[in-house]
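Q: Following this message is one structure expressed as structure tokens.
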Amino acid sequence: MRDAVSISDLTEHIRRLFESDEILESVLVRGEVSNYKRYPSGHHYFTLKDADSVLRSVMFRGDAQSLAFQPEDGMSVLAAGRVAVYPRDGQYQLYCRKLTPDGAGSLTMAYEALKKKLEAEGLFDSRHKKPLPPFPRRIALVTSPAGAAVRDMIRILERRWPLSQIVVAPVRVQGEEAPSEIVSALRYCNRQNIADVIITGRGGGSLEDLWAFNDERVARAIFASVIPVVSAVGHEPDFTIADFTADVRAATPSHAAELVSPDCEEWVGRLAEARRKLSPERYFTDKRLQLDRLVERLAGAWQRSSPQRAKTLASLAARLDALSPLKVLARGYAVAMGADSVPLRSVKGIAVGDMLNIRLSDGRIMTRVEQIGGQLNAREKT
């Protein structure tokens with residue numbers, strides 16, 4: 001009979017056996033999630049089960065950050081990782097490195113779960129959307145440097161708005177490393193303030209090909225960007241998570257290039273029109289034409305009114321002539337004036353010996369006052 005061993009030694013022996021087994025080092029298991037818990041440390045603990053057995057599982061924070069969906073109890077999943085013994089409990093468990101929904105439409109399920117989560121947090125709210133700069137000086141393209149999409153965007157930007165500087169931040173846009181590279185590029189653009197606007201995206205492809213833009217890390221990096229971000233994933237009928245969190249969504253990369261760049265030719269035309277409107281020569285030419293029209297209208301009005309005005313003038317002249325003192329003198333009357341040539345209206349103020357100036361119709365007579373009479377009788381008044 002062998003000597004007794006300690007529990008710790010036996011557990012350690014079993015642990016070594018597990019670690020030496022190549023199958024247990026990398027397994028893919030299918031099961032139903034149960035007792036799913038996420039701890040403040042960022043680690044995720046849960047149980048996988050089927051009809052007959054259960055498997056304790058843990059997913060550490062570093063691996064859990066790549067989750068594209070929110071696991072829930074009762075959800076069927078595929079879990080990839082290694083199986084090992086946890087010495088403290090003496091139980092084996094799955095150290096999960098990757099967790100995805102199981103079955104057909106698993107990516108769609110993950111997409112909907114993440115969309116629901118981020119929408120509830122307010123990442124899609126329109127009040128967070130930043131306007132695009134009208135005349136960008138620098139435009140950053142966070143995309144693959146080798147794809148057709150980047151060439152199309154550069155060609156359009158150079159044609160429409162050659163005044164801007166184009167900065168390409170090269171990243172992978174497909175595969176497991178793509179999300180982390182996109183996140184790093186977005187953060188770099190903001191940290192270094194290298195652009196006024198950012199376009200991130202790629203050409204078209206399958207749902208799997210575009211999956212980097214459905215990654216939660218990418219979505220949060222876009223939302224956190226101080227620089228406005230245009231999402232340009234070339235899969236026009238559908239929306240990626242990046243489309244919802246971006247400030248502006250473009251149907252294709254080419255469309256994104258058009259959205260961020262003003263049309264240079266259009267603005268040249270606008271400036272030419274503005275210059276033409278501001279020209280003093282045009283202003284004075286217009287004023288001369290207005291003056292000519294006013295003179296023409298005034299002359300016409302005067303010609304139309306001259307006969308009536310002549311008739312009115314003749315009538316007024318006749319009335320004035322009838323009231324003229326000369327007419328009175330012509331009828332045999334005279335006007336007596338004092339030395340100051342002011343017509344006399346009364347005998348008051350006149351003394352014997354005063355010189356008077358008598359105005360007749362054909363001349364003047366100087367006379368001296370010899371006598372001043374009293375009131376006129378009725379006959380004399382007539």
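Ligands are numbered from 1 in the order shown, residues from 1 within each chain, and chains are lettered A, B, ... in the order they appear in the structure tokens.
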List the spatial neighbours of region 370-372 of chain A as a PyMOL selection string - criterion: any atom at most 8 Å away, only C-alpha atoms, same-chain residues fewer than 2 positions off excluded.

A: chain A and resi 347+351-353+368+374

Q: Go ahead and write the residues just picked, N, CA and C atoms, as a PDB file, in the first residue's frame.

A:
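As written to disk, out_19.pdb reads:
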```
ATOM      1  N   VAL A 347     -55.664 161.769 -41.576  1.00  0.00           N
ATOM      2  CA  VAL A 347     -55.096 163.099 -41.395  1.00  0.00           C
ATOM      3  C   VAL A 347     -54.336 163.207 -40.084  1.00  0.00           C
ATOM      4  N   ALA A 351     -49.367 167.713 -40.219  1.00  0.00           N
ATOM      5  CA  ALA A 351     -49.445 169.113 -39.737  1.00  0.00           C
ATOM      6  C   ALA A 351     -49.355 170.058 -40.929  1.00  0.00           C
ATOM      7  N   VAL A 352     -49.887 171.265 -40.712  1.00  0.00           N
ATOM      8  CA  VAL A 352     -49.821 172.296 -41.759  1.00  0.00           C
ATOM      9  C   VAL A 352     -48.360 172.585 -42.042  1.00  0.00           C
ATOM     10  N   GLY A 353     -48.024 172.665 -43.289  1.00  0.00           N
ATOM     11  CA  GLY A 353     -46.650 172.922 -43.700  1.00  0.00           C
ATOM     12  C   GLY A 353     -45.888 171.668 -44.091  1.00  0.00           C
ATOM     13  N   ARG A 368     -47.413 171.246 -50.483  1.00  0.00           N
ATOM     14  CA  ARG A 368     -47.316 171.553 -49.059  1.00  0.00           C
ATOM     15  C   ARG A 368     -48.731 171.648 -48.493  1.00  0.00           C
ATOM     16  N   GLY A 374     -61.810 168.643 -41.544  1.00  0.00           N
ATOM     17  CA  GLY A 374     -62.362 167.681 -40.587  1.00  0.00           C
ATOM     18  C   GLY A 374     -62.902 166.439 -41.275  1.00  0.00           C
TER      19      GLY A 374
END
```

Q: Using only C-alpha atoms, determine which residues lie at most 10 Å from Gly81 (chain A), disregarding the query and same-chain residues fewer than 4 positions distant; provide the list as a PyMOL selection string.

A: chain A and resi 24-29+57-59+94-99

Q: Export C-alpha atoms of the chosen residues as a short mmCIF file (atom, residue, chain, number, x, y, z; two decimals), in the first residue's frame?

A:
```
data_model
loop_
_atom_site.label_atom_id
_atom_site.label_comp_id
_atom_site.auth_asym_id
_atom_site.auth_seq_id
_atom_site.Cartn_x
_atom_site.Cartn_y
_atom_site.Cartn_z
CA LEU A 24 -7.80 20.37 -22.62
CA GLU A 25 -5.37 23.12 -23.50
CA SER A 26 -7.65 24.37 -26.31
CA VAL A 27 -11.29 23.30 -26.30
CA LEU A 28 -14.51 24.60 -27.79
CA VAL A 29 -17.62 23.67 -25.86
CA SER A 57 -16.25 28.83 -16.14
CA VAL A 58 -14.43 32.12 -15.76
CA MET A 59 -13.56 34.84 -18.25
CA LEU A 94 -13.02 26.40 -18.10
CA TYR A 95 -10.83 29.45 -18.47
CA CYS A 96 -12.79 31.05 -21.28
CA ARG A 97 -10.92 33.20 -23.80
CA LYS A 98 -13.73 33.77 -26.31
CA LEU A 99 -17.50 33.59 -26.00
#
```

Q: Fewer than 3 positions away in the same chain doesn't count, so skip those; otherwise give me all residues within 10 Å of Pro136 (chain A), counting only C-alpha atoms, as a list in words.

A: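 Once the adjacent positions are removed, what remains is Leu132, Pro133, Ile139, Trp161, Leu163, Ser164, Gln165, Ala195, Asp196, Val197, Val260, Ser261 and Pro262 of chain A.
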
Q: So that I can see what lies close to Val229 (chain A), please list as a list in words the residues with an atom at most 8 Å from it, counting only C-alpha atoms and leaving out residues fewer than 4 positions away in the same chain.

A: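 Result of the neighbour search: Val197, Ile198, Ile199, Thr200, Ile222, Ser225, Ala246, Asp247 and Val248 of chain A.
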
Q: Extract, using only C-alpha atoms, all DNA, RNA and protein residues at most 9 Å from Gln93 (chain A), discarding same-chain residues fewer than 5 positions from it, and format them as a count of residues only.

A: 9

Q: To one decimal in Å, tell me the separation between CA of Ile241 (chain A) and CA of Ala120 (chain A).

A: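 Atom-to-atom, CA of Ile241 (chain A) to CA of Ala120 (chain A), that is 13.4 Å.
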